[in-house]
$ cat data-v5.txt   # compact mmCIF, C-alpha atoms
# COMPACT_ATOMS: atom_id res chain seq x y z
CA MET A 1 70.38 104.31 94.02
CA ARG A 2 68.36 102.70 96.82
CA ARG A 3 69.69 99.27 95.91
CA ALA A 4 73.27 100.56 96.01
CA TRP A 5 72.72 102.19 99.41
CA SER A 6 71.07 99.03 100.73
CA PHE A 7 74.05 96.97 99.57
CA VAL A 8 76.46 99.36 101.30
CA ARG A 9 74.54 99.16 104.59
CA ARG A 10 74.38 95.34 104.51
CA HIS A 11 78.07 94.98 103.75
CA ALA A 12 79.45 98.01 105.62
CA SER A 13 81.87 95.98 107.75
CA LEU A 14 83.20 94.05 104.75
CA LEU A 15 83.61 97.22 102.69
CA ARG A 16 85.42 98.97 105.54
CA PHE A 17 87.76 95.99 105.84
CA ILE A 18 88.46 96.04 102.10
CA VAL A 19 89.14 99.78 102.17
CA GLY A 20 91.42 99.35 105.17
CA LEU A 21 93.27 96.51 103.47
CA ALA A 22 93.70 98.60 100.32
CA LEU A 23 95.03 101.52 102.35
CA GLY A 24 97.40 99.19 104.14
CA LEU A 25 98.72 97.91 100.82
CA VAL A 26 99.19 101.49 99.65
CA ALA A 27 101.10 102.23 102.85
CA LEU A 28 103.35 99.21 102.27
CA TRP A 29 103.95 100.34 98.69
CA VAL A 30 104.90 103.83 99.88
CA LEU A 31 107.19 102.40 102.53
CA SER A 32 108.85 100.15 99.96
CA GLY A 33 110.06 103.32 98.28
CA GLN A 34 111.73 104.36 101.56
CA ARG A 35 114.04 101.38 101.83
CA ALA A 36 116.96 103.43 103.07
CA GLU A 37 115.00 104.76 106.04
CA LEU A 38 113.59 101.30 106.81
CA THR A 39 117.06 99.77 106.61
CA ASP A 40 118.35 102.39 109.03
CA ALA A 41 115.39 101.73 111.33
CA ARG A 42 116.14 98.01 111.26
CA LYS A 43 119.71 98.78 112.29
CA GLU A 44 118.36 100.88 115.14
CA LEU A 45 116.21 97.98 116.32
CA GLY A 46 119.20 95.67 116.10
CA HIS A 47 121.03 97.53 118.88
CA LEU A 48 118.36 97.97 121.52
CA ASN A 49 118.87 99.09 125.08
CA TRP A 50 116.98 96.27 126.78
CA ILE A 51 116.46 98.17 130.02
CA TRP A 52 114.42 100.83 128.20
CA LEU A 53 112.58 98.12 126.27
CA VAL A 54 111.50 96.51 129.56
CA LEU A 55 110.42 99.93 130.83
CA ALA A 56 108.40 100.44 127.64
CA VAL A 57 106.58 97.17 128.29
CA LEU A 58 105.97 98.20 131.90
CA ALA A 59 104.61 101.60 130.81
CA GLU A 60 102.19 99.93 128.40
CA ALA A 61 101.06 97.49 131.10
CA LEU A 62 100.37 100.44 133.43
CA SER A 63 98.40 102.08 130.61
CA VAL A 64 96.11 99.04 130.43
CA VAL A 65 95.71 99.00 134.22
CA ALA A 66 94.76 102.70 134.19
CA PHE A 67 92.10 102.10 131.52
CA ALA A 68 90.72 99.23 133.59
CA GLN A 69 90.63 101.46 136.68
CA MET A 70 88.68 104.09 134.73
CA GLN A 71 85.97 101.55 133.93
CA GLY A 72 86.03 100.26 137.49
CA ARG A 73 85.49 103.74 138.90
CA LEU A 74 82.51 104.37 136.62
CA LEU A 75 80.96 101.02 137.56
CA LYS A 76 81.60 101.75 141.23
CA SER A 77 79.39 104.84 140.94
CA GLY A 78 76.56 102.37 140.24
CA ARG A 79 77.64 100.14 143.18
CA VAL A 80 79.06 97.42 140.93
CA ARG A 81 82.52 96.07 141.63
CA ILE A 82 84.55 93.84 139.34
CA PRO A 83 87.74 92.22 140.73
CA GLN A 84 90.83 94.09 139.58
CA LEU A 85 92.45 91.14 137.81
CA ARG A 86 89.22 90.36 135.96
CA LEU A 87 88.84 94.01 134.97
CA VAL A 88 92.37 94.12 133.54
CA GLY A 89 91.71 90.90 131.63
CA LEU A 90 88.42 92.29 130.32
CA THR A 91 90.16 95.49 129.19
CA THR A 92 92.97 93.60 127.45
CA ALA A 93 90.55 91.22 125.73
CA ALA A 94 88.21 94.00 124.58
CA GLY A 95 91.17 95.98 123.24
CA SER A 96 92.41 93.04 121.19
CA ILE A 97 88.93 92.39 119.78
CA ALA A 98 88.55 96.04 118.81
CA SER A 99 91.97 96.13 117.15
CA SER A 100 92.01 92.94 115.12
CA ILE A 101 88.66 92.24 113.42
CA PRO A 102 86.24 94.17 111.18
CA ALA A 103 83.64 96.02 113.26
CA GLY A 104 85.90 95.26 116.22
CA PRO A 105 84.84 98.23 118.40
CA ALA A 106 81.18 97.15 118.20
CA VAL A 107 82.01 93.52 119.02
CA SER A 108 84.28 94.53 121.91
CA SER A 109 81.53 96.79 123.30
CA VAL A 110 79.10 93.85 123.31
CA PHE A 111 81.72 91.73 125.08
CA ALA A 112 82.33 94.41 127.74
CA TYR A 113 78.57 94.97 128.14
CA ARG A 114 78.02 91.28 128.87
CA GLN A 115 80.85 91.25 131.39
CA TYR A 116 79.41 94.27 133.20
CA ARG A 117 76.03 92.55 133.31
CA ARG A 118 77.59 89.36 134.60
CA PHE A 119 78.93 91.19 137.65
CA GLY A 120 75.61 92.81 138.53
CA ALA A 121 75.28 95.93 136.40
CA ASP A 122 71.79 96.47 135.01
CA GLU A 123 71.23 97.42 131.37
CA ALA A 124 71.27 101.15 132.07
CA LEU A 125 74.52 101.11 134.07
CA ALA A 126 76.24 98.85 131.52
CA VAL A 127 75.25 101.07 128.58
CA TRP A 128 76.12 104.24 130.46
CA THR A 129 79.54 102.86 131.48
CA LEU A 130 80.37 102.09 127.85
CA ILE A 131 79.41 105.61 126.77
CA ALA A 132 81.10 107.30 129.74
CA THR A 133 84.30 105.29 129.17
CA LEU A 134 84.42 106.39 125.55
CA ILE A 135 83.84 110.07 126.42
CA SER A 136 86.25 110.07 129.38
CA SER A 137 88.94 108.46 127.26
CA ALA A 138 88.45 111.00 124.46
CA LEU A 139 88.50 113.88 126.94
CA GLY A 140 91.70 112.61 128.55
CA LEU A 141 93.42 112.37 125.16
CA SER A 142 92.19 115.85 124.20
CA LEU A 143 93.59 117.32 127.43
CA LEU A 144 96.93 115.63 126.79
CA ALA A 145 97.03 116.93 123.21
CA THR A 146 96.11 120.42 124.45
CA ALA A 147 98.98 120.30 126.96
CA GLY A 148 101.26 119.26 124.09
CA LEU A 149 99.97 122.19 122.08
CA GLY A 150 101.10 124.53 124.84
CA LEU A 151 104.58 122.96 124.84
CA ALA A 152 104.93 123.18 121.06
CA GLU A 153 102.99 126.38 120.48
CA ARG A 154 104.96 127.72 117.51
CA GLN A 155 105.24 124.41 115.69
CA GLY A 156 101.59 123.61 116.35
CA ALA A 157 100.43 126.91 114.86
CA ALA A 158 102.68 126.41 111.85
CA PHE A 159 101.13 123.04 111.10
CA ASP A 160 97.54 124.20 111.66
CA LEU A 161 97.01 121.86 114.59
CA VAL A 162 95.73 124.54 116.97
CA SER A 163 92.21 124.61 115.52
CA VAL A 164 92.07 120.81 115.27
CA VAL A 165 93.12 120.14 118.87
CA VAL A 166 90.99 122.95 120.32
CA GLY A 167 88.02 121.80 118.23
CA VAL A 168 88.33 118.20 119.44
CA LEU A 169 88.69 119.42 123.03
CA PHE A 170 85.54 121.55 122.69
CA VAL A 171 83.53 118.65 121.25
CA THR A 172 84.62 116.21 123.96
CA VAL A 173 83.94 118.72 126.75
CA ALA A 174 80.49 119.32 125.27
CA ALA A 175 79.89 115.56 125.09
CA ALA A 176 80.97 115.19 128.73
CA ALA A 177 78.61 117.99 129.75
CA ILE A 178 75.74 116.31 127.92
CA MET A 179 76.60 112.99 129.56
CA TRP A 180 76.46 114.71 132.95
CA GLN A 181 72.90 115.92 132.32
CA ARG A 182 71.47 112.41 132.31
CA ARG A 183 67.95 113.36 133.41
CA ALA A 184 67.53 115.90 130.61
CA LEU A 185 69.12 113.44 128.19
CA SER A 186 66.74 110.68 129.25
CA ARG A 187 63.73 112.96 128.70
CA VAL A 188 64.95 113.79 125.20
CA GLY A 189 65.56 110.11 124.50
CA LEU A 190 62.06 109.14 125.62
CA ALA A 191 60.54 111.91 123.48
CA LEU A 192 62.48 110.70 120.43
CA LEU A 193 61.42 107.12 121.12
CA ARG A 194 57.73 108.11 121.26
CA ALA A 195 58.09 110.16 118.07
CA ALA A 196 59.70 107.22 116.27
CA ARG A 197 56.85 104.95 117.40
CA ARG A 198 54.21 107.36 116.11
CA ILE A 199 55.92 107.95 112.76
CA SER A 200 57.21 104.51 111.81
CA GLY A 201 55.72 102.07 114.30
CA ARG A 202 59.26 101.05 115.26
CA PRO A 203 60.51 99.83 117.59
CA ARG A 204 57.72 97.42 118.43
CA ARG A 205 55.83 97.71 121.69
CA HIS A 206 57.87 95.21 123.71
CA GLU A 207 61.18 96.52 122.35
CA ALA A 208 60.06 100.12 123.01
CA GLU A 209 59.19 99.26 126.61
CA VAL A 210 62.63 97.72 127.18
CA ILE A 211 64.41 100.71 125.63
CA ALA A 212 62.23 103.17 127.56
CA GLY A 213 63.06 101.36 130.80
CA ILE A 214 66.78 101.60 130.11
CA ILE A 215 66.54 105.30 129.21
CA SER A 216 64.51 106.04 132.36
CA ARG A 217 67.06 104.29 134.57
CA LEU A 218 69.87 106.26 132.90
CA GLY A 219 68.33 109.41 134.33
CA ARG A 220 68.45 107.99 137.85
CA LEU A 221 72.14 107.05 137.81
CA ARG A 222 74.30 109.02 140.20
CA LEU A 223 77.78 110.24 139.32
CA THR A 224 79.52 112.62 141.71
CA TRP A 225 82.14 115.13 140.68
CA ARG A 226 84.65 113.01 142.58
CA ASP A 227 83.75 109.96 140.47
CA PHE A 228 84.04 111.94 137.25
CA ALA A 229 87.37 113.50 138.29
CA ALA A 230 88.75 110.09 139.24
CA ALA A 231 87.66 108.56 135.92
CA LEU A 232 89.19 111.48 134.01
CA GLY A 233 92.39 111.15 136.04
CA TRP A 234 92.67 107.47 135.14
CA SER A 235 92.04 108.38 131.50
CA VAL A 236 94.92 110.88 131.50
CA ALA A 237 97.09 108.28 133.24
CA ASN A 238 96.19 105.74 130.55
CA TRP A 239 97.29 108.03 127.69
CA SER A 240 100.32 109.34 129.60
CA CYS A 241 101.65 105.82 130.22
CA ASP A 242 101.09 104.94 126.57
CA CYS A 243 103.02 108.08 125.56
CA ALA A 244 105.75 107.10 128.03
CA CYS A 245 106.00 103.81 126.12
CA LEU A 246 106.78 105.83 122.98
CA ALA A 247 109.39 107.88 124.87
CA CYS A 248 111.01 104.68 126.12
CA GLY A 249 111.07 103.51 122.49
CA TYR A 250 113.27 106.50 121.63
CA LEU A 251 115.65 105.75 124.49
CA ALA A 252 115.69 102.05 123.59
CA VAL A 253 117.06 102.87 120.11
CA HIS A 254 119.62 105.30 121.62
CA ALA A 255 117.90 108.41 120.22
CA LEU A 256 117.13 111.82 121.68
CA ILE A 257 113.45 112.43 122.47
CA PRO A 258 111.92 115.52 120.82
CA TRP A 259 110.39 116.54 124.15
CA GLN A 260 108.98 119.85 122.98
CA ALA A 261 106.69 118.21 120.44
CA LEU A 262 106.29 114.68 121.83
CA LEU A 263 102.87 115.18 123.48
CA LEU A 264 101.42 117.10 120.53
CA ALA A 265 102.66 114.60 117.94
CA TYR A 266 101.44 111.72 120.09
CA GLY A 267 98.03 113.33 120.62
CA ALA A 268 97.62 114.08 116.92
CA GLY A 269 98.62 110.54 116.01
CA GLN A 270 96.17 108.98 118.46
CA LEU A 271 93.35 111.26 117.32
CA ALA A 272 94.05 110.13 113.74
CA SER A 273 94.06 106.49 114.84
CA ASN A 274 90.47 106.81 116.08
CA LEU A 275 89.25 107.27 112.51
CA PRO A 276 87.48 103.99 111.57
CA ILE A 277 89.75 103.15 108.62
CA THR A 278 91.85 100.18 109.65
CA PRO A 279 91.61 97.86 112.69
CA GLY A 280 93.67 99.27 115.54
CA GLY A 281 94.71 102.25 113.41
CA LEU A 282 97.13 99.96 111.56
CA GLY A 283 99.28 102.08 109.28
CA VAL A 284 97.53 105.29 110.39
CA VAL A 285 99.26 105.53 113.78
CA GLU A 286 102.69 104.64 112.41
CA GLY A 287 102.45 107.10 109.54
CA SER A 288 100.95 110.04 111.45
CA LEU A 289 103.29 109.68 114.43
CA THR A 290 106.41 109.38 112.27
CA ILE A 291 105.49 112.31 110.02
CA ALA A 292 104.64 114.57 112.98
CA LEU A 293 107.72 113.70 115.03
CA VAL A 294 110.09 114.11 112.07
CA ALA A 295 108.41 117.41 111.17
CA TYR A 296 109.03 118.61 114.72
CA GLY A 297 112.74 117.82 114.61
CA GLY A 298 113.07 114.08 115.29
CA ALA A 299 115.79 112.27 113.33
CA GLN A 300 114.10 110.24 110.60
CA ALA A 301 115.78 106.85 111.05
CA SER A 302 115.62 106.88 114.86
CA THR A 303 112.02 108.14 114.81
CA VAL A 304 110.94 105.31 112.49
CA GLY A 305 112.72 102.82 114.75
CA ALA A 306 111.19 104.28 117.93
CA VAL A 307 107.66 104.33 116.47
CA LEU A 308 107.98 100.77 115.17
CA LEU A 309 109.20 99.59 118.57
CA TYR A 310 106.34 101.44 120.27
CA ARG A 311 103.80 99.75 117.99
CA ILE A 312 105.39 96.33 118.51
CA VAL A 313 104.97 96.73 122.27
CA SER A 314 101.59 98.51 122.34
CA PHE A 315 99.86 96.78 119.42
CA TRP A 316 101.41 93.59 118.07
CA ALA A 317 102.48 92.14 121.42
CA PHE A 318 99.18 93.32 122.92
CA LEU A 319 96.99 91.32 120.51
CA PRO A 320 97.94 87.73 121.50
CA VAL A 321 97.86 88.64 125.21
CA GLY A 322 94.37 90.06 124.78
CA TRP A 323 93.06 87.04 122.90
CA LEU A 324 94.51 84.71 125.54
CA ALA A 325 92.72 86.82 128.18
CA TYR A 326 89.50 86.53 126.16
CA LEU A 327 89.87 82.74 125.96
CA ALA A 328 90.54 82.50 129.71
CA ILE A 329 87.48 84.64 130.53
CA VAL A 330 85.18 82.66 128.22
CA LEU A 331 86.35 79.29 129.57
CA ARG A 332 86.04 80.44 133.17
CA ASP A 333 82.54 81.82 132.58
CA ARG A 334 81.42 78.58 130.92
CA ARG A 335 82.77 76.54 133.82
CA ALA A 336 81.01 78.82 136.31
CA ASP A 337 77.74 78.50 134.35
CA ARG A 338 77.98 74.69 134.34
CA MET A 339 78.64 74.62 138.09
CA ALA A 340 75.65 76.93 138.70
CA GLN A 341 73.36 74.67 136.67
CA SER A 342 74.47 71.46 138.35
$ encode --input "data-v5.txt" --output "structure tokens"
Amino acid sequence: MRRAWSFVRRHASLLRFIVGLALGLVALWVLSGQRAELTDARKELGHLNWIWLVLAVLAEALSVVAFAQMQGRLLKSGRVRIPQLRLVGLTTAAGSIASSIPAGPAVSSVFAYRQYRRFGADEALAVWTLIATLISSALGLSLLATAGLGLAERQGAAFDLVSVVVGVLFVTVAAAAIMWQRRALSRVGLALLRAARRISGRPRRHEAEVIAGIISRLGRLRLTWRDFAAALGWSVANWSCDCACLACGYLAVHALIPWQALLLAYGAGQLASNLPITPGGLGVVEGSLTIALVAYGGAQASTVGAVLLYRIVSFWAFLPVGWLAYLAIVLRDRRADRMAQS
């Protein structure tokens, strides 16, 4: 049993990728049985309204800018400023990393951490910004889904989404409250670190001193209510613009938008996409969004077409742009390092 568990821990990323690939193949197999709907969706995509397609791209670009502004506001609370263009490039690159490789979220977090450090953030501020960005983003999505629940109250109750959305909102609010109490959190972290040292001897002395220093500095970080409100506002703007991209997808395929359930279906789909099953929620987002929107009254063929168009704009077109941004950042950093050494 121990050997099996050790194997799973060593190969967790590979196993997750294999599971995700298998689920993707299952999704393709299921979709192959829905050829009529896919054929109708392809027809919908063949007669696009290009004005709404351009607006969908613009909405998604604004979503990325809003996410970058959220990080910038959190870093600003620690008196660290990153140029706006660089911050947008960093956000795009990190998003592409997180969405396209196994263990992508962890790799993208390391990339963002190094960029924060490069522009003057210490270890504590960089770590705290990563955590605060994650919690602010989750809280913004939960608020959006809760607003959607109010607009689609009867349908939401019928599909048992009330408890799910309210539960996620409660958890994210609790996490935000805990994040706010950084001094108490740092004391708990230091106590746990000392207990781990006494029990197991790990981490080693030097590593423990580094970790303890970071935890202590976390308690001294200052975040005003204005900073938190601004970060949360940018988070809501990020998700709202992304949802607007989906709405533009409906209009681009000449379909009526199921306004009453759009926010709730979108929120439920994005919450499902955060499950670590496939990179970028591939297959999960498409399936959950389509099922929810059709269940709430969206026409099946036009909904499939709108969701596919939304994913083309927000996911597939996003990936190469993000990797190009990553390449540009890496090359520029290397050139700057060479000039500094010469």
$ atom_distance --input "data-v5.txt" --atom1 "atom CA of A:Ser342" --atom2 "atom CA of A:Ala93"
28.4 Å
$ atom_distance --input "data-v5.txt" --atom1 "atom CA of A:Arg73" --atom2 "atom CA of A:Ala231"
6.1 Å
$ residues_around --input "data-v5.txt" --residues "stretch 50-57 of chain A" --least-positions-apart "3" --cutoff "6 Å" --atoms "all atoms listed in the file" --output "PyMOL selection string"
chain A and resi 60+245+248+252
$ atom_distance --input "data-v5.txt" --atom1 "atom CA of A:Ala106" --atom2 "atom CA of A:Ala124"
17.5 Å
$ closest_residue --input "data-v5.txt" --among "A:Leu87, A:Ala229, A:Val64, A:Cys241" --to "A:Phe119" --atoms "all atoms listed in the file"
A:Leu87
$ closest_atom_pairs --input "data-v5.txt" --of "stretch 89-118 of chain A" --to "stretch 131-154 of chain A" --cutoff "12 Å" --atoms "all atoms listed in the file" --output "JSON lines"
{"residue": "A:Thr91", "atom": "CA", "partner": "A:Thr133", "partner_atom": "CA", "distance": 11.4}
{"residue": "A:Pro105", "atom": "CA", "partner": "A:Leu134", "partner_atom": "CA", "distance": 10.9}
{"residue": "A:Ser109", "atom": "CA", "partner": "A:Ile131", "partner_atom": "CA", "distance": 9.7}
{"residue": "A:Ala112", "atom": "CA", "partner": "A:Thr133", "partner_atom": "CA", "distance": 11.1}
{"residue": "A:Tyr113", "atom": "CA", "partner": "A:Ile131", "partner_atom": "CA", "distance": 10.8}
$ closest_residue --input "data-v5.txt" --among "A:Leu271, A:Ala317, A:Met339, A:Val307" --to "A:Thr92" --atoms "only C-alpha atoms"
A:Ala317
$ residues_around --input "data-v5.txt" --residues "A:Ile329" --least-positions-apart "4" --cutoff "8 Å" --atoms "all atoms listed in the file" --output "list in words"
Gly89, Leu90, Ala325 and Asp333 of chain A
$ closest_residue --input "data-v5.txt" --among "A:Leu246, A:Ala94, A:Ile312, A:Leu251" --to "A:Tyr266" --atoms "all atoms listed in the file"
A:Leu246
